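This report refers to the structure that appears directly beneath it.
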Amino acid sequence: MKVRLSKYRIKEGKTKRVDEWMDMLNQNMDKVLIILKNENLYVETMFREKNADGEFLYWYAIQGDNEMNVELTEDEINNKNEIIKKHMEYWEECIDQEEQTPIATEVVMVPDKISKHII
């Protein structure tokens, strides 16, 4: 099981575009979940912070260790590709590529009854 947390600075003046981005993801959760299925992700969460230093997005993810060979239907593939394209357009526009901070995982606390289902 891989557990990750990363911090990304949002470019100045992009607050409203990030609002639209998060709304797009929330409004299309059925399509977003196809991406998780395809990438063996069990949980992916985005947090947003605004403080005196600026505005930031944090990504938290739990992913299985094994590569999954997930067969998607043609409709799922089209939906996945559509959402990834939109997601990446927002990413390029809103995220400061020069300031990304991976945060070290120190301890992972997951009960066996859950972790045994994460391949």
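All residue names refer to the structure tokens as shown: chains lettered A, B, ... in order, residues numbered from 1 in each chain, ligands numbered from 1 in order.
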Inset, instruction - For His117 of chain A, please output as a ChimeraX atom specification all residues within 12 Å (counting only C-alpha atoms; exclusion window: fewer than 6 positions along the same chain). - result: /A:1,40-42,62-66,110-111
Inset, instruction - Please identify all polymer residues within 8 Å of Glu44 of chain A, counting only C-alpha atoms, omitting same-chain residues fewer than 4 positions from it, and present them as a list in words. - result: Leu36, Trp59, Tyr60, Ala61 and Ile62 of chain A
Legend entry - Contacts of segment 17-31 of chain A at 12 Å (only C-alpha atoms; same-chain gap of 5+ positions) as a VMD selection string: chain A and resid 9 to 12 36 to 38 44 to 49 55 to 57 72 75 to 95
Legend entry - One-decimal distance in Å that lies between atom CA of Glu71 of chain A and atom CA of Asp112 of chain A: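 Answer for the atom CA of Asp112 of chain A to atom CA of Glu71 of chain A separation: 27.7 Å.
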Inset, instruction - as a list in words, please: all residues of segment 37-105 of chain A that backbone DSSP puts in alpha helix (DSSP H). - result: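 DSSP-assigned alpha helix (DSSP H) residues in segment 37-105 of chain A: Lys37, Asn38, Glu74, Asp75, Glu76, Ile77, Asn78, Asn79, Lys80, Asn81, Glu82, Ile83, Ile84, Lys85, Lys86, His87, Met88, Glu89, Tyr90, Trp91, Glu92, Glu93 and Cys94 of chain A.
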Could you save the residues just selected, with N, CA, C and O atoms, as a JSON list (two decimals), in the first residue's frame?
[["chain", "number", "residue", "atom", "x", "y", "z"],
["A", 37, "LYS", "N", -10.37, 3.80, -10.10],
["A", 37, "LYS", "CA", -10.46, 2.37, -10.40],
["A", 37, "LYS", "C", -9.31, 1.96, -11.33],
["A", 37, "LYS", "O", -8.63, 0.96, -11.09],
["A", 38, "ASN", "N", -9.07, 2.75, -12.34],
["A", 38, "ASN", "CA", -8.06, 2.44, -13.34],
["A", 38, "ASN", "C", -6.64, 2.52, -12.78],
["A", 38, "ASN", "O", -5.75, 1.83, -13.25],
["A", 74, "GLU", "N", -15.76, 0.94, -23.23],
["A", 74, "GLU", "CA", -15.46, 2.06, -24.12],
["A", 74, "GLU", "C", -16.01, 3.37, -23.54],
["A", 74, "GLU", "O", -15.36, 4.41, -23.59],
["A", 75, "ASP", "N", -17.21, 3.30, -22.95],
["A", 75, "ASP", "CA", -17.82, 4.48, -22.35],
["A", 75, "ASP", "C", -16.98, 4.97, -21.16],
["A", 75, "ASP", "O", -16.76, 6.16, -20.99],
["A", 76, "GLU", "N", -16.50, 4.03, -20.33],
["A", 76, "GLU", "CA", -15.65, 4.40, -19.19],
["A", 76, "GLU", "C", -14.35, 5.04, -19.68],
["A", 76, "GLU", "O", -13.90, 6.03, -19.11],
["A", 77, "ILE", "N", -13.77, 4.50, -20.72],
["A", 77, "ILE", "CA", -12.52, 5.06, -21.28],
["A", 77, "ILE", "C", -12.76, 6.49, -21.76],
["A", 77, "ILE", "O", -11.98, 7.39, -21.47],
["A", 78, "ASN", "N", -13.86, 6.71, -22.47],
["A", 78, "ASN", "CA", -14.17, 8.05, -22.97],
["A", 78, "ASN", "C", -14.40, 9.03, -21.82],
["A", 78, "ASN", "O", -13.91, 10.16, -21.85],
["A", 79, "ASN", "N", -15.15, 8.60, -20.80],
["A", 79, "ASN", "CA", -15.41, 9.45, -19.64],
["A", 79, "ASN", "C", -14.12, 9.76, -18.88],
["A", 79, "ASN", "O", -13.89, 10.90, -18.46],
["A", 80, "LYS", "N", -13.28, 8.74, -18.71],
["A", 80, "LYS", "CA", -12.00, 8.92, -18.01],
["A", 80, "LYS", "C", -11.14, 9.92, -18.76],
["A", 80, "LYS", "O", -10.61, 10.86, -18.17],
["A", 81, "ASN", "N", -11.02, 9.76, -20.07],
["A", 81, "ASN", "CA", -10.18, 10.65, -20.87],
["A", 81, "ASN", "C", -10.70, 12.09, -20.85],
["A", 81, "ASN", "O", -9.91, 13.03, -20.79],
["A", 82, "GLU", "N", -12.01, 12.24, -20.87],
["A", 82, "GLU", "CA", -12.62, 13.58, -20.83],
["A", 82, "GLU", "C", -12.27, 14.29, -19.51],
["A", 82, "GLU", "O", -11.85, 15.45, -19.50],
["A", 83, "ILE", "N", -12.43, 13.60, -18.39],
["A", 83, "ILE", "CA", -12.15, 14.20, -17.08],
["A", 83, "ILE", "C", -10.66, 14.46, -16.91],
["A", 83, "ILE", "O", -10.27, 15.52, -16.41],
["A", 84, "ILE", "N", -9.81, 13.54, -17.32],
["A", 84, "ILE", "CA", -8.36, 13.76, -17.21],
["A", 84, "ILE", "C", -7.95, 14.99, -18.01],
["A", 84, "ILE", "O", -7.16, 15.81, -17.53],
["A", 85, "LYS", "N", -8.49, 15.15, -19.21],
["A", 85, "LYS", "CA", -8.16, 16.30, -20.04],
["A", 85, "LYS", "C", -8.54, 17.60, -19.32],
["A", 85, "LYS", "O", -7.73, 18.53, -19.23],
["A", 86, "LYS", "N", -9.76, 17.67, -18.80],
["A", 86, "LYS", "CA", -10.21, 18.87, -18.09],
["A", 86, "LYS", "C", -9.36, 19.11, -16.84],
["A", 86, "LYS", "O", -8.95, 20.24, -16.54],
["A", 87, "HIS", "N", -9.12, 18.03, -16.10],
["A", 87, "HIS", "CA", -8.34, 18.10, -14.86],
["A", 87, "HIS", "C", -6.95, 18.66, -15.15],
["A", 87, "HIS", "O", -6.46, 19.55, -14.45],
["A", 88, "MET", "N", -6.30, 18.18, -16.20],
["A", 88, "MET", "CA", -4.95, 18.62, -16.53],
["A", 88, "MET", "C", -4.93, 20.07, -17.04],
["A", 88, "MET", "O", -3.96, 20.79, -16.80],
["A", 89, "GLU", "N", -5.99, 20.50, -17.71],
["A", 89, "GLU", "CA", -6.07, 21.89, -18.15],
["A", 89, "GLU", "C", -6.11, 22.82, -16.93],
["A", 89, "GLU", "O", -5.41, 23.83, -16.89],
["A", 90, "TYR", "N", -6.93, 22.47, -15.94],
["A", 90, "TYR", "CA", -6.97, 23.26, -14.70],
["A", 90, "TYR", "C", -5.62, 23.22, -13.99],
["A", 90, "TYR", "O", -5.14, 24.23, -13.49],
["A", 91, "TRP", "N", -5.02, 22.03, -13.92],
["A", 91, "TRP", "CA", -3.73, 21.85, -13.26],
["A", 91, "TRP", "C", -2.69, 22.81, -13.86],
["A", 91, "TRP", "O", -2.02, 23.54, -13.14],
["A", 92, "GLU", "N", -2.56, 22.79, -15.18],
["A", 92, "GLU", "CA", -1.57, 23.63, -15.85],
["A", 92, "GLU", "C", -1.83, 25.11, -15.59],
["A", 92, "GLU", "O", -0.89, 25.89, -15.42],
["A", 93, "GLU", "N", -3.09, 25.49, -15.58],
["A", 93, "GLU", "CA", -3.45, 26.90, -15.40],
["A", 93, "GLU", "C", -3.29, 27.37, -13.96],
["A", 93, "GLU", "O", -2.87, 28.51, -13.72],
["A", 94, "CYS", "N", -3.57, 26.51, -13.00],
["A", 94, "CYS", "CA", -3.71, 26.94, -11.60],
["A", 94, "CYS", "C", -2.57, 26.58, -10.67],
["A", 94, "CYS", "O", -2.40, 27.22, -9.62]]
Legend entry - Minimum-distance residue to Lys2 of chain A, chosen among A:Ile34, A:Ala52, A:Ile114, A:Val43 (using only C-alpha atoms): A:Val43
Legend entry - Which of chain A DSSP labels strand (DSSP E), written as a PyMOL selection string: chain A and resi 2-10+41-51+54-63+95-103
I need the chosen residues saved as a PDB file, in the first residue's frame, with C-alpha atoms.
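The file below, out_1.pdb, is the result:
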ATOM      1  CA  LYS A   2       1.307   3.448  -0.954  1.00  0.00           C
ATOM      2  CA  VAL A   3       0.161   6.474   1.052  1.00  0.00           C
ATOM      3  CA  ARG A   4       1.095   9.914  -0.247  1.00  0.00           C
ATOM      4  CA  LEU A   5       0.546  13.533   0.651  1.00  0.00           C
ATOM      5  CA  SER A   6       1.759  16.401  -1.533  1.00  0.00           C
ATOM      6  CA  LYS A   7       1.406  20.158  -1.259  1.00  0.00           C
ATOM      7  CA  TYR A   8       1.021  22.444  -4.283  1.00  0.00           C
ATOM      8  CA  ARG A   9       0.952  26.229  -4.419  1.00  0.00           C
ATOM      9  CA  ILE A  10      -1.954  27.752  -6.307  1.00  0.00           C
ATOM     10  CA  LEU A  41      -6.416   4.154  -6.006  1.00  0.00           C
ATOM     11  CA  TYR A  42      -8.599   3.440  -2.995  1.00  0.00           C
ATOM     12  CA  VAL A  43      -8.765   6.998  -1.655  1.00  0.00           C
ATOM     13  CA  GLU A  44      -7.815  10.327  -3.162  1.00  0.00           C
ATOM     14  CA  THR A  45      -8.639  13.510  -1.301  1.00  0.00           C
ATOM     15  CA  MET A  46      -7.862  17.136  -2.058  1.00  0.00           C
ATOM     16  CA  PHE A  47      -7.601  19.725   0.711  1.00  0.00           C
ATOM     17  CA  ARG A  48      -7.332  23.473   0.271  1.00  0.00           C
ATOM     18  CA  GLU A  49      -5.516  25.916   2.529  1.00  0.00           C
ATOM     19  CA  LYS A  50      -5.522  29.707   2.450  1.00  0.00           C
ATOM     20  CA  ASN A  51      -3.150  31.556   4.751  1.00  0.00           C
ATOM     21  CA  GLY A  54      -0.796  32.062  -0.134  1.00  0.00           C
ATOM     22  CA  GLU A  55      -3.202  29.391  -1.267  1.00  0.00           C
ATOM     23  CA  PHE A  56      -2.382  25.685  -1.474  1.00  0.00           C
ATOM     24  CA  LEU A  57      -3.866  22.359  -2.514  1.00  0.00           C
ATOM     25  CA  TYR A  58      -2.913  19.189  -0.676  1.00  0.00           C
ATOM     26  CA  TRP A  59      -3.355  15.781  -2.327  1.00  0.00           C
ATOM     27  CA  TYR A  60      -3.751  12.700  -0.142  1.00  0.00           C
ATOM     28  CA  ALA A  61      -3.926   9.256  -1.715  1.00  0.00           C
ATOM     29  CA  ILE A  62      -3.972   5.589  -0.765  1.00  0.00           C
ATOM     30  CA  GLN A  63      -2.994   3.297  -3.617  1.00  0.00           C
ATOM     31  CA  ILE A  95      -0.755  25.076 -10.059  1.00  0.00           C
ATOM     32  CA  ASP A  96       2.670  26.693  -9.646  1.00  0.00           C
ATOM     33  CA  GLN A  97       4.909  23.994 -11.151  1.00  0.00           C
ATOM     34  CA  GLU A  98       7.949  25.470  -9.403  1.00  0.00           C
ATOM     35  CA  GLU A  99       6.552  24.970  -5.910  1.00  0.00           C
ATOM     36  CA  GLN A 100       5.484  21.407  -5.188  1.00  0.00           C
ATOM     37  CA  THR A 101       6.258  19.794  -1.851  1.00  0.00           C
ATOM     38  CA  PRO A 102       6.119  16.037  -1.312  1.00  0.00           C
ATOM     39  CA  ILE A 103       5.475  15.312   2.345  1.00  0.00           C
TER      40      ILE A 103
END
